[in-house]
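Listing of target01.cif; format and content: mmCIF, N, CA and C atoms.
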data_model
#
loop_
_atom_site.label_atom_id
_atom_site.label_comp_id
_atom_site.auth_asym_id
_atom_site.auth_seq_id
_atom_site.Cartn_x
_atom_site.Cartn_y
_atom_site.Cartn_z
N MET R 1 -11.58 9.55 -13.21
CA MET R 1 -11.15 8.33 -12.56
C MET R 1 -10.89 8.60 -11.09
N LYS R 2 -11.25 7.64 -10.25
CA LYS R 2 -11.00 7.73 -8.82
C LYS R 2 -9.82 6.85 -8.45
N ALA R 3 -9.01 7.35 -7.52
CA ALA R 3 -7.87 6.59 -7.01
C ALA R 3 -7.81 6.74 -5.51
N THR R 4 -7.51 5.65 -4.82
CA THR R 4 -7.30 5.69 -3.38
C THR R 4 -5.86 5.30 -3.13
N ILE R 5 -5.17 6.10 -2.34
CA ILE R 5 -3.79 5.81 -1.97
C ILE R 5 -3.70 5.61 -0.47
N TRP R 6 -3.08 4.50 -0.06
CA TRP R 6 -2.77 4.27 1.34
C TRP R 6 -1.38 4.85 1.51
N HIS R 7 -1.33 5.98 2.20
CA HIS R 7 -0.21 6.91 2.15
C HIS R 7 0.46 7.08 3.51
N ASN R 8 1.78 7.25 3.47
CA ASN R 8 2.55 7.63 4.64
C ASN R 8 3.28 8.92 4.27
N PRO R 9 2.89 10.06 4.82
CA PRO R 9 3.50 11.33 4.44
C PRO R 9 4.99 11.42 4.76
N ALA R 10 5.50 10.55 5.62
CA ALA R 10 6.93 10.55 5.94
C ALA R 10 7.76 9.78 4.92
N CYS R 11 7.11 9.10 3.99
CA CYS R 11 7.80 8.26 3.00
C CYS R 11 7.94 9.01 1.68
N GLY R 12 9.17 9.12 1.19
CA GLY R 12 9.43 9.82 -0.06
C GLY R 12 8.73 9.18 -1.25
N THR R 13 8.76 7.86 -1.35
CA THR R 13 8.10 7.19 -2.47
C THR R 13 6.59 7.41 -2.42
N SER R 14 6.03 7.39 -1.23
CA SER R 14 4.60 7.64 -1.08
C SER R 14 4.26 9.07 -1.49
N ARG R 15 5.08 10.03 -1.08
CA ARG R 15 4.84 11.43 -1.47
C ARG R 15 4.96 11.60 -2.99
N LYS R 16 5.92 10.96 -3.60
CA LYS R 16 6.10 11.07 -5.06
C LYS R 16 4.93 10.44 -5.80
N THR R 17 4.44 9.32 -5.30
CA THR R 17 3.28 8.67 -5.92
C THR R 17 2.05 9.56 -5.80
N LEU R 18 1.84 10.14 -4.64
CA LEU R 18 0.71 11.05 -4.44
C LEU R 18 0.83 12.25 -5.37
N ALA R 19 2.03 12.77 -5.55
CA ALA R 19 2.21 13.92 -6.45
C ALA R 19 1.83 13.54 -7.89
N ILE R 20 2.18 12.34 -8.32
CA ILE R 20 1.79 11.89 -9.66
C ILE R 20 0.27 11.92 -9.78
N LEU R 21 -0.41 11.35 -8.79
CA LEU R 21 -1.88 11.31 -8.82
C LEU R 21 -2.48 12.70 -8.80
N GLU R 22 -1.96 13.58 -7.96
CA GLU R 22 -2.53 14.92 -7.82
C GLU R 22 -2.27 15.80 -9.04
N ASN R 23 -1.23 15.49 -9.79
CA ASN R 23 -0.90 16.29 -10.98
C ASN R 23 -1.71 15.88 -12.21
N LEU R 24 -2.51 14.85 -12.09
CA LEU R 24 -3.36 14.42 -13.20
C LEU R 24 -4.77 14.92 -12.94
N SER R 25 -5.22 15.85 -13.73
CA SER R 25 -6.53 16.47 -13.50
C SER R 25 -7.67 15.48 -13.62
N ARG R 26 -7.45 14.38 -14.32
CA ARG R 26 -8.53 13.42 -14.52
C ARG R 26 -8.67 12.43 -13.36
N VAL R 27 -7.83 12.58 -12.34
CA VAL R 27 -7.86 11.65 -11.21
C VAL R 27 -8.36 12.36 -9.95
N GLU R 28 -9.41 11.78 -9.37
CA GLU R 28 -9.95 12.24 -8.08
C GLU R 28 -9.33 11.35 -7.00
N VAL R 29 -8.50 11.94 -6.15
CA VAL R 29 -7.69 11.16 -5.21
C VAL R 29 -8.28 11.17 -3.80
N THR R 30 -8.37 9.99 -3.22
CA THR R 30 -8.70 9.84 -1.81
C THR R 30 -7.42 9.38 -1.12
N VAL R 31 -7.02 10.11 -0.10
CA VAL R 31 -5.79 9.80 0.63
C VAL R 31 -6.16 9.21 1.99
N ILE R 32 -5.62 8.03 2.26
CA ILE R 32 -5.81 7.40 3.56
C ILE R 32 -4.43 7.26 4.20
N GLU R 33 -4.25 7.95 5.30
CA GLU R 33 -3.00 7.81 6.05
C GLU R 33 -3.13 6.54 6.88
N TYR R 34 -2.60 5.45 6.34
CA TYR R 34 -2.86 4.13 6.90
C TYR R 34 -2.26 3.93 8.29
N LEU R 35 -1.28 4.75 8.68
CA LEU R 35 -0.75 4.62 10.04
C LEU R 35 -1.76 5.11 11.06
N LYS R 36 -2.61 6.09 10.66
CA LYS R 36 -3.65 6.61 11.54
C LYS R 36 -4.96 5.84 11.37
N ASP R 37 -5.21 5.34 10.18
CA ASP R 37 -6.47 4.67 9.84
C ASP R 37 -6.15 3.40 9.06
N PRO R 38 -5.65 2.36 9.74
CA PRO R 38 -5.22 1.16 9.03
C PRO R 38 -6.39 0.40 8.41
N PRO R 39 -6.14 -0.21 7.25
CA PRO R 39 -7.18 -1.03 6.63
C PRO R 39 -7.40 -2.31 7.45
N SER R 40 -8.55 -2.90 7.27
CA SER R 40 -8.84 -4.18 7.93
C SER R 40 -8.05 -5.29 7.25
N ALA R 41 -7.99 -6.42 7.91
CA ALA R 41 -7.33 -7.59 7.31
C ALA R 41 -8.02 -7.97 6.01
N GLU R 42 -9.35 -7.86 5.99
CA GLU R 42 -10.11 -8.21 4.78
C GLU R 42 -9.77 -7.26 3.64
N LYS R 43 -9.67 -5.97 3.94
CA LYS R 43 -9.33 -4.99 2.89
C LYS R 43 -7.92 -5.23 2.39
N LEU R 44 -6.98 -5.47 3.30
CA LEU R 44 -5.61 -5.76 2.87
C LEU R 44 -5.56 -7.00 1.99
N ALA R 45 -6.27 -8.05 2.39
CA ALA R 45 -6.28 -9.28 1.58
C ALA R 45 -6.81 -8.99 0.18
N GLN R 46 -7.87 -8.19 0.10
CA GLN R 46 -8.44 -7.83 -1.21
C GLN R 46 -7.45 -7.01 -2.03
N LEU R 47 -6.78 -6.04 -1.40
CA LEU R 47 -5.81 -5.21 -2.12
C LEU R 47 -4.67 -6.06 -2.67
N TYR R 48 -4.13 -6.95 -1.86
CA TYR R 48 -3.02 -7.79 -2.31
C TYR R 48 -3.48 -8.76 -3.40
N ARG R 49 -4.66 -9.32 -3.23
CA ARG R 49 -5.20 -10.23 -4.26
C ARG R 49 -5.35 -9.48 -5.58
N ASP R 50 -5.92 -8.27 -5.53
CA ASP R 50 -6.12 -7.48 -6.75
C ASP R 50 -4.80 -7.01 -7.36
N ALA R 51 -3.78 -6.86 -6.52
CA ALA R 51 -2.46 -6.46 -7.02
C ALA R 51 -1.67 -7.66 -7.55
N GLY R 52 -2.17 -8.87 -7.27
CA GLY R 52 -1.48 -10.07 -7.73
C GLY R 52 -0.25 -10.40 -6.89
N ILE R 53 -0.27 -9.98 -5.62
CA ILE R 53 0.84 -10.28 -4.73
C ILE R 53 0.32 -10.93 -3.46
N THR R 54 1.22 -11.52 -2.71
CA THR R 54 0.85 -12.14 -1.43
C THR R 54 1.01 -11.12 -0.31
N PRO R 55 0.38 -11.36 0.83
CA PRO R 55 0.60 -10.47 1.97
C PRO R 55 2.09 -10.39 2.33
N GLN R 56 2.80 -11.48 2.18
CA GLN R 56 4.23 -11.48 2.48
C GLN R 56 4.99 -10.53 1.54
N GLN R 57 4.56 -10.43 0.30
CA GLN R 57 5.19 -9.50 -0.66
C GLN R 57 4.81 -8.05 -0.35
N GLY R 58 3.74 -7.85 0.39
CA GLY R 58 3.32 -6.51 0.78
C GLY R 58 3.83 -6.11 2.16
N LEU R 59 4.70 -6.91 2.71
CA LEU R 59 5.25 -6.70 4.05
C LEU R 59 6.45 -5.77 3.99
N ARG R 60 6.44 -4.77 4.81
CA ARG R 60 7.60 -3.86 4.89
C ARG R 60 8.64 -4.49 5.80
N LEU R 61 9.82 -4.73 5.25
CA LEU R 61 10.91 -5.34 6.02
C LEU R 61 11.86 -4.27 6.56
N ARG R 62 12.15 -3.28 5.72
CA ARG R 62 13.11 -2.24 6.11
C ARG R 62 12.54 -1.39 7.24
N GLY R 63 13.33 -1.27 8.31
CA GLY R 63 12.91 -0.43 9.43
C GLY R 63 11.86 -1.05 10.32
N THR R 64 11.61 -2.35 10.17
CA THR R 64 10.63 -3.04 11.02
C THR R 64 11.27 -4.30 11.61
N ASP R 65 10.53 -4.93 12.49
CA ASP R 65 11.01 -6.20 13.06
C ASP R 65 10.31 -7.39 12.41
N ALA R 66 9.81 -7.22 11.20
CA ALA R 66 9.06 -8.27 10.52
C ALA R 66 9.87 -9.56 10.36
N ALA R 67 11.13 -9.44 9.97
CA ALA R 67 11.96 -10.63 9.78
C ALA R 67 12.19 -11.34 11.11
N GLU R 68 12.49 -10.57 12.15
CA GLU R 68 12.73 -11.16 13.47
C GLU R 68 11.48 -11.89 13.99
N ARG R 69 10.33 -11.41 13.59
CA ARG R 69 9.07 -12.02 14.02
C ARG R 69 8.68 -13.21 13.15
N GLY R 70 9.47 -13.49 12.10
CA GLY R 70 9.18 -14.62 11.23
C GLY R 70 8.05 -14.37 10.26
N LEU R 71 7.67 -13.12 10.07
CA LEU R 71 6.51 -12.81 9.23
C LEU R 71 6.71 -13.13 7.75
N PRO R 72 7.92 -12.99 7.18
CA PRO R 72 8.06 -13.32 5.76
C PRO R 72 7.71 -14.78 5.42
N GLU R 73 7.80 -15.65 6.42
CA GLU R 73 7.49 -17.06 6.20
C GLU R 73 6.15 -17.47 6.81
N ALA R 74 5.48 -16.55 7.45
CA ALA R 74 4.23 -16.85 8.16
C ALA R 74 3.06 -17.02 7.19
N GLU R 75 1.99 -17.61 7.70
CA GLU R 75 0.76 -17.77 6.91
C GLU R 75 0.12 -16.41 6.66
N ASP R 76 -0.66 -16.32 5.59
CA ASP R 76 -1.30 -15.06 5.21
C ASP R 76 -2.06 -14.42 6.37
N ALA R 77 -2.87 -15.19 7.07
CA ALA R 77 -3.70 -14.64 8.14
C ALA R 77 -2.83 -14.03 9.25
N THR R 78 -1.71 -14.66 9.53
CA THR R 78 -0.79 -14.15 10.56
C THR R 78 -0.18 -12.83 10.12
N VAL R 79 0.23 -12.76 8.86
CA VAL R 79 0.83 -11.54 8.32
C VAL R 79 -0.20 -10.41 8.32
N LEU R 80 -1.40 -10.69 7.86
CA LEU R 80 -2.44 -9.67 7.80
C LEU R 80 -2.80 -9.17 9.20
N ALA R 81 -2.91 -10.07 10.16
CA ALA R 81 -3.22 -9.67 11.54
C ALA R 81 -2.11 -8.79 12.10
N ALA R 82 -0.86 -9.12 11.80
CA ALA R 82 0.27 -8.30 12.27
C ALA R 82 0.23 -6.92 11.65
N MET R 83 -0.14 -6.84 10.38
CA MET R 83 -0.23 -5.54 9.69
C MET R 83 -1.33 -4.66 10.27
N VAL R 84 -2.44 -5.26 10.61
CA VAL R 84 -3.55 -4.51 11.19
C VAL R 84 -3.16 -4.01 12.58
N ALA R 85 -2.50 -4.85 13.35
CA ALA R 85 -2.09 -4.48 14.71
C ALA R 85 -0.95 -3.46 14.70
N ASP R 86 -0.08 -3.54 13.70
CA ASP R 86 1.10 -2.67 13.62
C ASP R 86 1.26 -2.22 12.16
N PRO R 87 0.50 -1.20 11.73
CA PRO R 87 0.44 -0.85 10.31
C PRO R 87 1.77 -0.39 9.70
N ILE R 88 2.79 -0.13 10.51
CA ILE R 88 4.10 0.20 9.93
C ILE R 88 4.62 -0.98 9.11
N LEU R 89 4.07 -2.17 9.33
CA LEU R 89 4.47 -3.37 8.59
C LEU R 89 3.93 -3.39 7.17
N ILE R 90 3.03 -2.48 6.83
CA ILE R 90 2.45 -2.42 5.49
C ILE R 90 3.41 -1.65 4.58
N GLU R 91 3.90 -2.30 3.53
CA GLU R 91 4.74 -1.59 2.56
C GLU R 91 3.87 -0.60 1.82
N ARG R 92 4.44 0.55 1.52
CA ARG R 92 3.67 1.62 0.92
C ARG R 92 4.35 2.16 -0.30
N PRO R 93 3.59 2.89 -1.09
CA PRO R 93 2.14 3.13 -1.02
C PRO R 93 1.37 2.11 -1.85
N LEU R 94 0.20 1.78 -1.40
CA LEU R 94 -0.75 0.99 -2.19
C LEU R 94 -1.71 1.96 -2.85
N VAL R 95 -2.00 1.74 -4.13
CA VAL R 95 -2.95 2.58 -4.85
C VAL R 95 -3.97 1.67 -5.52
N GLU R 96 -5.25 2.05 -5.37
CA GLU R 96 -6.35 1.29 -5.97
C GLU R 96 -7.14 2.21 -6.90
N THR R 97 -7.37 1.74 -8.13
CA THR R 97 -8.25 2.41 -9.08
C THR R 97 -9.18 1.36 -9.67
N GLU R 98 -10.07 1.80 -10.54
CA GLU R 98 -10.97 0.85 -11.20
C GLU R 98 -10.20 -0.12 -12.10
N LYS R 99 -8.96 0.21 -12.43
CA LYS R 99 -8.14 -0.65 -13.29
C LYS R 99 -7.29 -1.63 -12.51
N GLY R 100 -7.30 -1.53 -11.17
CA GLY R 100 -6.54 -2.48 -10.37
C GLY R 100 -5.85 -1.85 -9.19
N VAL R 101 -4.95 -2.61 -8.62
CA VAL R 101 -4.19 -2.19 -7.43
C VAL R 101 -2.72 -2.42 -7.71
N ARG R 102 -1.90 -1.51 -7.23
CA ARG R 102 -0.44 -1.66 -7.33
C ARG R 102 0.21 -1.22 -6.03
N LEU R 103 1.27 -1.95 -5.67
CA LEU R 103 2.19 -1.49 -4.64
C LEU R 103 3.20 -0.66 -5.41
N CYS R 104 3.16 0.63 -5.23
CA CYS R 104 3.86 1.57 -6.12
C CYS R 104 5.29 1.84 -5.68
N ARG R 105 6.11 0.82 -5.80
CA ARG R 105 7.53 0.91 -5.57
C ARG R 105 8.20 0.32 -6.80
N PRO R 106 8.76 1.09 -7.68
CA PRO R 106 8.91 2.54 -7.64
C PRO R 106 7.58 3.26 -7.93
N GLN R 107 7.58 4.56 -7.70
CA GLN R 107 6.35 5.35 -7.80
C GLN R 107 5.72 5.33 -9.19
N ASP R 108 6.52 5.17 -10.24
CA ASP R 108 5.97 5.16 -11.61
C ASP R 108 5.08 3.94 -11.86
N THR R 109 5.12 2.95 -10.99
CA THR R 109 4.25 1.78 -11.12
C THR R 109 2.79 2.19 -11.13
N VAL R 110 2.47 3.32 -10.51
CA VAL R 110 1.08 3.79 -10.45
C VAL R 110 0.52 4.03 -11.85
N LEU R 111 1.37 4.35 -12.81
CA LEU R 111 0.90 4.64 -14.17
C LEU R 111 0.23 3.42 -14.81
N GLU R 112 0.56 2.22 -14.34
CA GLU R 112 -0.05 1.00 -14.90
C GLU R 112 -1.55 0.93 -14.67
N ILE R 113 -2.06 1.62 -13.66
CA ILE R 113 -3.47 1.52 -13.33
C ILE R 113 -4.23 2.83 -13.51
N LEU R 114 -3.64 3.74 -14.28
CA LEU R 114 -4.32 5.01 -14.55
C LEU R 114 -4.81 5.07 -15.98
#
Please go through the file and, once you have read it, give me the structure as structure tokens.
Amino acid sequence: MKATIWHNPACGTSRKTLAILENLSRVEVTVIEYLKDPPSAEKLAQLYRDAGITPQQGLRLRGTDAAERGLPEAEDATVLAAMVADPILIERPLVETEKGVRLCRPQDTVLEIL
């Protein structure tokens, strides 16, 4: 099975999720450090759609100015554009497999798609 993780190495939950993936021999992991290589608005929209959440639900509020910018109430396109321009606004980690996508908070959520 292949899995792609949009990862932030400075985030404990992201590191724990990556460790779960790497400890499973049946999983081939692709790691994307999204702060260095942010996904496009189209890719983010697809990830959130496949995860069954809205872009607003995928918005990182803690440690960002998202609330001050009105992003939790903004339209999807506005939120996605803000995430692409400032990827720290993307809540992490997102994991995609052939079984679906999950925002892995807590990290054990990744088990749902393995």
Surrounding residues of Ala85 of chain R excluding itself and chain neighbours under 5 positions, 8 Å, only N, CA and C atoms, as a ChimeraX atom specification: /R:38,41,79-80
Quick one: write out the picked residues with N, CA and C atoms as a PDB file, in the frame of the given file?
ATOM      1  N   PRO R  38      -5.650   2.360   9.740  1.00  0.00           N
ATOM      2  CA  PRO R  38      -5.220   1.160   9.030  1.00  0.00           C
ATOM      3  C   PRO R  38      -6.390   0.400   8.410  1.00  0.00           C
ATOM      4  N   ALA R  41      -7.990  -6.420   7.910  1.00  0.00           N
ATOM      5  CA  ALA R  41      -7.330  -7.590   7.310  1.00  0.00           C
ATOM      6  C   ALA R  41      -8.020  -7.970   6.010  1.00  0.00           C
ATOM      7  N   VAL R  79       0.230 -12.760   8.860  1.00  0.00           N
ATOM      8  CA  VAL R  79       0.830 -11.540   8.320  1.00  0.00           C
ATOM      9  C   VAL R  79      -0.200 -10.410   8.320  1.00  0.00           C
ATOM     10  N   LEU R  80      -1.400 -10.690   7.860  1.00  0.00           N
ATOM     11  CA  LEU R  80      -2.440  -9.670   7.800  1.00  0.00           C
ATOM     12  C   LEU R  80      -2.800  -9.170   9.200  1.00  0.00           C
TER      13      LEU R  80
END
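The coordinates place atom CA of Ile32 of chain R at 23.2 Å from atom CA of Thr78 of chain R.
Across the structure, atom N of Val27 of chain R and atom N of Gly100 of chain R are spaced 14.2 Å apart.
Evaluated against this file, the PyMOL selection byres ((chain R and resi 29-31) around 7) yields Met1, Lys2, Ala3, Thr4, Ile5, Trp6, His7, Leu21, Glu22, Val27, Glu28, Ile32, Glu33 and Tyr34 of chain R.
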What's around Ala81 of chain R at 12 Å? Count only C-alpha atoms, leave out sequence neighbours fewer than 4 positions away in its own chain, and write the answer as a list in words. Pro38, Pro39, Ser40, Ala41, Glu42, Lys43, Leu44, Ala45, Pro55, Gln56, Leu59, Leu71, Ala74, Glu75, Asp76, Ala77, Ala85, Asp86, Pro87, Leu89 and Ile90 of chain R
